[in-house]
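One file, input_6.csv, is given below (CSV, C-alpha atoms).
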chain,number,residue,atom,x,y,z
A,1,MET,CA,0.4,6.8,19.6
A,2,LYS,CA,-3.1,8.0,18.7
A,3,HIS,CA,-4.1,7.2,15.2
A,4,GLU,CA,-6.4,9.8,13.6
A,5,LYS,CA,-8.2,9.2,10.3
A,6,VAL,CA,-9.5,12.1,8.3
A,7,TYR,CA,-12.0,11.2,5.6
A,8,HIS,CA,-11.4,12.5,2.0
A,9,SER,CA,-13.3,11.9,-1.2
A,10,TYR,CA,-12.5,12.5,-4.9
A,11,GLU,CA,-14.5,11.9,-8.0
A,12,MET,CA,-13.2,11.1,-11.4
A,13,LEU,CA,-14.6,10.0,-14.8
A,14,VAL,CA,-13.4,6.8,-16.4
A,15,GLU,CA,-15.0,6.4,-19.9
A,16,GLU,CA,-18.0,8.5,-18.8
A,17,CYS,CA,-18.4,6.5,-15.6
A,18,LYS,CA,-18.2,8.3,-12.3
A,19,ILE,CA,-15.6,6.7,-10.0
A,20,VAL,CA,-15.6,7.8,-6.3
A,21,ILE,CA,-12.3,7.5,-4.5
A,22,GLU,CA,-12.8,7.8,-0.7
A,23,GLY,CA,-11.5,6.9,2.7
A,24,PRO,CA,-10.5,5.9,5.2
A,25,VAL,CA,-13.7,3.9,5.1
A,26,SER,CA,-15.2,2.1,8.1
A,27,PRO,CA,-16.0,-1.6,8.4
A,28,GLU,CA,-19.7,-0.7,8.3
A,29,GLU,CA,-19.3,1.2,5.0
A,30,LEU,CA,-17.4,-1.8,3.5
A,31,SER,CA,-20.2,-4.1,4.4
A,32,LEU,CA,-22.7,-2.2,2.3
A,33,LEU,CA,-20.6,-2.5,-0.9
A,34,GLY,CA,-19.7,-5.4,-3.2
A,35,MET,CA,-16.3,-6.3,-4.7
A,36,HIS,CA,-15.6,-6.3,-8.4
A,37,HIS,CA,-15.3,-9.9,-9.6
A,38,GLN,CA,-11.9,-9.3,-11.1
A,39,LEU,CA,-10.3,-8.2,-7.9
A,40,THR,CA,-8.5,-11.5,-7.4
A,41,ALA,CA,-4.8,-10.6,-7.1
A,42,PHE,CA,-4.5,-11.7,-3.5
A,43,ARG,CA,-7.6,-13.9,-2.9
A,44,GLN,CA,-11.2,-14.3,-4.1
A,45,PRO,CA,-13.2,-11.1,-3.9
A,46,GLU,CA,-15.5,-12.1,-1.0
A,47,GLN,CA,-12.4,-13.2,1.0
A,48,GLN,CA,-10.6,-10.0,0.1
A,49,GLN,CA,-13.5,-7.9,1.3
A,50,GLU,CA,-13.4,-9.7,4.6
A,51,ALA,CA,-9.6,-9.0,4.8
A,52,LEU,CA,-10.3,-5.3,4.1
A,53,THR,CA,-12.9,-5.3,6.9
A,54,GLN,CA,-10.5,-6.8,9.4
A,55,ILE,CA,-7.8,-4.1,8.5
A,56,ALA,CA,-10.4,-1.3,8.8
A,57,LEU,CA,-11.2,-2.6,12.3
A,58,ARG,CA,-7.7,-1.9,13.5
A,59,GLU,CA,-6.9,1.4,15.2
A,60,GLU,CA,-4.1,2.1,12.7
A,61,GLY,CA,-5.8,0.4,9.7
A,62,ARG,CA,-6.7,2.5,6.7
A,63,ILE,CA,-8.7,1.4,3.7
A,64,ILE,CA,-9.1,3.8,0.7
A,65,ILE,CA,-11.4,2.5,-2.0
A,66,ALA,CA,-12.4,3.3,-5.6
A,67,ARG,CA,-16.0,2.5,-6.3
A,68,LYS,CA,-18.4,2.6,-9.2
A,69,ASN,CA,-21.8,3.0,-7.7
A,70,GLU,CA,-21.9,0.3,-4.9
A,71,THR,CA,-19.1,-1.8,-6.3
A,72,ILE,CA,-15.4,-1.6,-5.2
A,73,VAL,CA,-13.2,-1.5,-8.2
A,74,GLY,CA,-9.9,-0.7,-6.4
A,75,TYR,CA,-8.4,-0.3,-3.0
A,76,VAL,CA,-5.3,0.5,-1.1
A,77,THR,CA,-4.5,-0.7,2.5
A,78,PHE,CA,-2.4,0.6,5.3
A,79,SER,CA,-1.7,-1.2,8.6
A,80,TYR,CA,1.1,-2.3,10.9
A,81,PRO,CA,3.4,-4.8,9.3
A,82,ASP,CA,2.7,-8.5,9.8
A,83,PRO,CA,4.2,-9.7,13.1
A,84,ILE,CA,6.3,-12.3,11.3
A,85,GLU,CA,8.0,-9.7,9.1
A,86,ARG,CA,11.3,-7.9,9.9
A,87,TRP,CA,9.5,-4.5,9.8
A,88,SER,CA,7.4,-5.3,12.9
A,89,GLN,CA,10.5,-6.1,15.0
A,90,GLY,CA,11.6,-2.6,15.9
A,91,ASP,CA,8.5,-1.6,17.9
A,92,ILE,CA,8.2,1.5,15.8
A,93,HIS,CA,4.6,2.7,16.3
A,94,SER,CA,5.0,5.3,13.5
A,95,LEU,CA,5.8,2.7,10.9
A,96,ILE,CA,2.9,1.4,8.8
A,97,GLU,CA,2.9,-0.7,5.6
A,98,LEU,CA,1.1,0.0,2.4
A,99,GLY,CA,0.1,-3.6,2.3
A,100,ALA,CA,-1.8,-3.9,-1.0
A,101,ILE,CA,-3.0,-1.8,-3.9
A,102,GLU,CA,-5.2,-3.4,-6.5
A,103,VAL,CA,-7.4,-2.1,-9.3
A,104,ALA,CA,-9.8,-4.2,-11.3
A,105,PRO,CA,-8.4,-4.8,-14.9
A,106,PRO,CA,-11.1,-2.7,-16.7
A,107,PHE,CA,-10.1,0.4,-14.6
A,108,ARG,CA,-6.3,0.1,-14.9
A,109,ALA,CA,-4.3,2.6,-17.0
A,110,THR,CA,-6.9,5.2,-16.1
A,111,GLY,CA,-5.1,6.8,-13.1
A,112,VAL,CA,-7.3,5.1,-10.5
A,113,GLY,CA,-4.3,3.6,-8.7
A,114,SER,CA,-2.5,7.0,-8.5
A,115,GLN,CA,-5.7,8.7,-7.2
A,116,LEU,CA,-6.1,6.1,-4.5
A,117,LEU,CA,-2.7,7.0,-3.2
A,118,LYS,CA,-3.3,10.7,-3.6
A,119,VAL,CA,-6.5,10.5,-1.5
A,120,ALA,CA,-4.7,8.4,1.1
A,121,PHE,CA,-2.0,11.1,1.6
A,122,LEU,CA,-4.4,14.0,1.7
A,123,ASP,CA,-4.8,13.1,5.4
A,124,PRO,CA,-2.3,15.3,7.2
A,125,PHE,CA,-1.9,12.6,9.9
A,126,MET,CA,0.1,10.6,7.3
A,127,GLU,CA,3.0,12.9,8.0
A,128,ASN,CA,3.3,11.2,11.3
A,129,TYR,CA,4.2,7.9,9.7
A,130,ILE,CA,7.0,6.1,8.1
A,131,VAL,CA,5.2,4.4,5.2
A,132,ILE,CA,6.8,1.4,3.6
A,133,SER,CA,5.8,-0.8,0.6
A,134,THR,CA,7.5,-4.1,0.0
A,135,GLU,CA,7.2,-4.8,-3.7
A,136,TYR,CA,7.5,-8.5,-4.7
A,137,TYR,CA,7.4,-9.5,-8.4
A,138,TRP,CA,5.3,-12.6,-7.7
A,139,HIS,CA,2.4,-10.3,-6.7
A,140,TRP,CA,2.4,-8.4,-10.0
A,141,ASP,CA,-0.1,-9.1,-12.8
A,142,LEU,CA,2.6,-9.6,-15.5
A,143,LYS,CA,0.3,-11.8,-17.6
A,144,GLY,CA,-2.7,-9.4,-17.4
A,145,THR,CA,-0.6,-6.3,-18.2
A,146,ASN,CA,1.7,-8.0,-20.8
A,147,LEU,CA,4.7,-6.4,-19.0
A,148,ASN,CA,8.0,-8.0,-18.0
A,149,VAL,CA,9.2,-7.6,-14.4
A,150,TRP,CA,11.3,-4.6,-15.1
A,151,GLU,CA,8.6,-2.7,-17.0
A,152,TYR,CA,6.1,-3.5,-14.2
A,153,ARG,CA,8.6,-2.4,-11.5
A,154,LYS,CA,9.0,0.9,-13.4
A,155,VAL,CA,5.3,1.4,-13.4
A,156,MET,CA,5.1,0.7,-9.6
A,157,GLU,CA,8.0,3.1,-8.9
A,158,LYS,CA,6.1,5.8,-10.9
A,159,VAL,CA,2.8,5.2,-9.1
A,160,MET,CA,4.4,5.1,-5.6
A,161,GLY,CA,6.7,8.0,-6.4
A,162,SER,CA,3.6,10.2,-7.2
A,163,VAL,CA,3.0,10.4,-3.4
A,164,GLY,CA,6.7,10.5,-2.3
A,165,LEU,CA,7.5,6.8,-1.8
A,166,LEU,CA,11.0,6.2,-3.0
A,167,TRP,CA,13.3,3.2,-3.6
A,168,CYS,CA,15.4,2.4,-0.6
A,169,ALA,CA,18.2,-0.1,-0.1
A,170,THR,CA,17.7,-3.0,2.3
A,171,ASP,CA,19.2,-6.4,3.1
A,172,ASP,CA,15.9,-8.0,3.9
A,173,PRO,CA,16.3,-11.6,2.6
A,174,GLU,CA,12.9,-11.8,1.0
A,175,ILE,CA,13.3,-8.6,-0.9
A,176,CYS,CA,16.9,-9.5,-1.9
A,177,SER,CA,15.7,-12.9,-3.2
A,178,HIS,CA,15.0,-11.3,-6.6
A,179,PRO,CA,16.5,-8.2,-8.1
A,180,ALA,CA,13.1,-6.8,-9.3
A,181,ASN,CA,11.8,-6.8,-5.7
A,182,CYS,CA,12.3,-3.5,-3.9
A,183,LEU,CA,11.5,-1.5,-0.8
A,184,MET,CA,9.7,1.8,-1.2
A,185,VAL,CA,9.7,4.3,1.7
A,186,ARG,CA,8.1,7.6,2.6
A,187,ILE,CA,9.1,9.3,5.8
A,188,GLY,CA,6.6,11.8,7.0
A,189,LYS,CA,7.8,15.3,8.0
A,190,ASN,CA,6.6,14.8,11.7
A,191,VAL,CA,8.4,11.5,12.3
A,192,SER,CA,10.9,11.7,15.1
A,193,MET,CA,14.7,11.3,14.5
A,194,ASP,CA,14.6,8.4,17.0
A,195,ASP,CA,12.1,6.5,14.9
A,196,ILE,CA,14.0,7.2,11.7
A,197,MET,CA,17.2,5.8,13.3
A,198,ARG,CA,15.4,2.7,14.5
A,199,PHE,CA,14.0,2.2,11.0
A,200,GLU,CA,17.4,2.5,9.5
A,201,ARG,CA,18.7,-0.2,11.8
A,202,LEU,CA,15.8,-2.4,10.6
A,203,ARG,CA,16.4,-1.6,7.0
A,204,LEU,CA,20.1,-2.6,7.1
A,205,GLN,CA,20.9,-5.3,9.6
A,206,ARG,CA,24.0,-6.7,8.0
A,207,ARG,CA,27.3,-5.0,8.2
A,208,TYR,CA,28.1,-5.4,4.5
A,209,MET,CA,25.9,-5.5,1.4
A,210,PHE,CA,27.1,-7.0,-1.9
Would you encode the structure as structure tokens?
Amino acid sequence: MKHEKVYHSYEMLVEECKIVIEGPVSPEELSLLGMHHQLTAFRQPEQQQEALTQIALREEGRIIIARKNETIVGYVTFSYPDPIERWSQGDIHSLIELGAIEVAPPFRATGVGSQLLKVAFLDPFMENYIVISTEYYWHWDLKGTNLNVWEYRKVMEKVMGSVGLLWCATDDPEICSHPANCLMVRIGKNVSMDDIMRFERLRLQRRYMF
């Protein structure tokens, strides 16, 4: 499967500051930018920038960023699922994972997160993908947002739902390990029925769910 990437850009004002949301960005473009010091949800900013660069190097990898001048203040990543995850086992080349979405605290509650996703799905090639997002409560900034797990999940469902990702049942053990965890899915209109059926077999591998 050939992976095409069509660049898009969007500008918005946050408290009179111009925020540029753009992508997919190349590894070379990422190297010219710095990371906001509060982008620490997954790892330290410098390490996270390297992780973004590695994803951008992949044929299917997509990085959409929000930047203020030359500083990245938010990002969203898309790539094939980790080989150790269930979602990589079906050999479905049309399945990619929304692996991370993070916005620096000063820019949250401004719509930056939703706009990152909006720009990502402006690319018509995204209609060729099954896009999944595995939401785990231990990745959520409950302390920083002062939300409980159910309030945070509601926010995530709203943000993901803005681009068509919807809650989907699964018997994946890690997702089922806590009731707030969930699987969000968007199936592009060009995905083959064969890939959809293979995804359904991945999603529910047990005969019964309780």
**Prompt:** Could you name the residues that touch stretch 67-73 of chain A at 8 Å or less, counting only C-alpha atoms, but leaving out those on the same chain fewer than 6 positions away, as a ChimeraX atom specification?
**Reply:** /A:17-21,32-36,39,103-104,107
For C-alpha atoms, I'd like the residues from the last selection saved as a short mmCIF file (atom, residue, chain, number, x, y, z; two decimals), in the frame of the given file.
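Result saved to result10.cif:
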data_model
loop_
_atom_site.label_atom_id
_atom_site.label_comp_id
_atom_site.auth_asym_id
_atom_site.auth_seq_id
_atom_site.Cartn_x
_atom_site.Cartn_y
_atom_site.Cartn_z
CA CYS A 17 -18.40 6.50 -15.60
CA LYS A 18 -18.20 8.30 -12.30
CA ILE A 19 -15.60 6.70 -10.00
CA VAL A 20 -15.60 7.80 -6.30
CA ILE A 21 -12.30 7.50 -4.50
CA LEU A 32 -22.70 -2.20 2.30
CA LEU A 33 -20.60 -2.50 -0.90
CA GLY A 34 -19.70 -5.40 -3.20
CA MET A 35 -16.30 -6.30 -4.70
CA HIS A 36 -15.60 -6.30 -8.40
CA LEU A 39 -10.30 -8.20 -7.90
CA VAL A 103 -7.40 -2.10 -9.30
CA ALA A 104 -9.80 -4.20 -11.30
CA PHE A 107 -10.10 0.40 -14.60
#
**Request:** For atom CA of A:Gly113 and atom CA of A:Val14, determine how far apart the two atoms are, in Å to one decimal place.
**Result:**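 We find that atom CA of A:Gly113 and atom CA of A:Val14 lie 12.3 Å from each other.
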**Pick from A:Arg206, A:Arg153, A:His139, A:Arg201, whichever lies nearest to A:Cys182 using all atoms listed in the file** =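 Going through A:Arg206, A:Arg153, A:His139, A:Arg201 one by one, the smallest distance to A:Cys182 is for A:Arg153.
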**Request:** In the coordinates of the file, take the point (2.4, 5.7, -7.8) and a cut-off of 10 Å; then, counting all atoms listed in the file, name each qualifying protein, DNA or RNA residue as an MDAnalysis selection string.
**Result:** chainID A and resid 111 113:118 154:166
**Request:** Would you please work out which residue, of A:Leu13, A:Val185, A:Leu52, A:Val191, is nearest to A:Val131 when using only C-alpha atoms?
**Result:**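 Residue with the minimum atom-to-atom distance to A:Val131: A:Val185.
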**Item:** Minimum-distance residue to A:Asn190, chosen among A:Ile130, A:Leu147, A:Leu122, A:Leu204 (using all atoms listed in the file)
**Value:**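 Of A:Ile130, A:Leu147, A:Leu122, A:Leu204, the one nearest A:Asn190, counting all atoms listed in the file, is A:Ile130.
Taking only C-alpha atoms into account, A:Gly61 lies nearest to A:Ser26 out of the set A:Asn146, A:Gln89, A:Ser26, A:Gln38.
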**Message:** Show me, as a PyMOL selection string, the residues that have an atom within 8 Å of A:Ala100 when counting only C-alpha atoms, minus same-chain residues fewer than 6 positions from it.
**Reply:** chain A and resi 75-78
Just write the chosen residues, C-alpha atoms, as a compact mmCIF listing (two decimals), in the frame of the given file.
# COMPACT_ATOMS: atom_id res chain seq x y z
CA TYR A 75 -8.40 -0.30 -3.00
CA VAL A 76 -5.30 0.50 -1.10
CA THR A 77 -4.50 -0.70 2.50
CA PHE A 78 -2.40 0.60 5.30
**Request:** Please indicate the distance in Å from atom CA of A:Ile64 to atom CA of A:Glu102, rounded to one decimal place.
**Result:**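 Here the two named atoms are 10.9 Å from each other.
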**Asked** For A:Gly99, which residue among A:Phe199, A:Phe42, A:Phe121, A:Trp150 is the nearest when counting all atoms listed in the file?
**Response** A:Phe42
**Request:** Record the distance separating atom CA of A:Arg62 and atom CA of A:Pro24, expressed in Å with one decimal.
**Result:**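 Separation of atom CA of A:Arg62 and atom CA of A:Pro24: 5.3 Å.
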**Residue among A:Glu28, A:Asp195, A:Glu4, A:Glu200 lying closest to A:Ile92, counting all atoms listed in the file** =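 With all atoms listed in the file as the atom set, the closest residue is A:Asp195.
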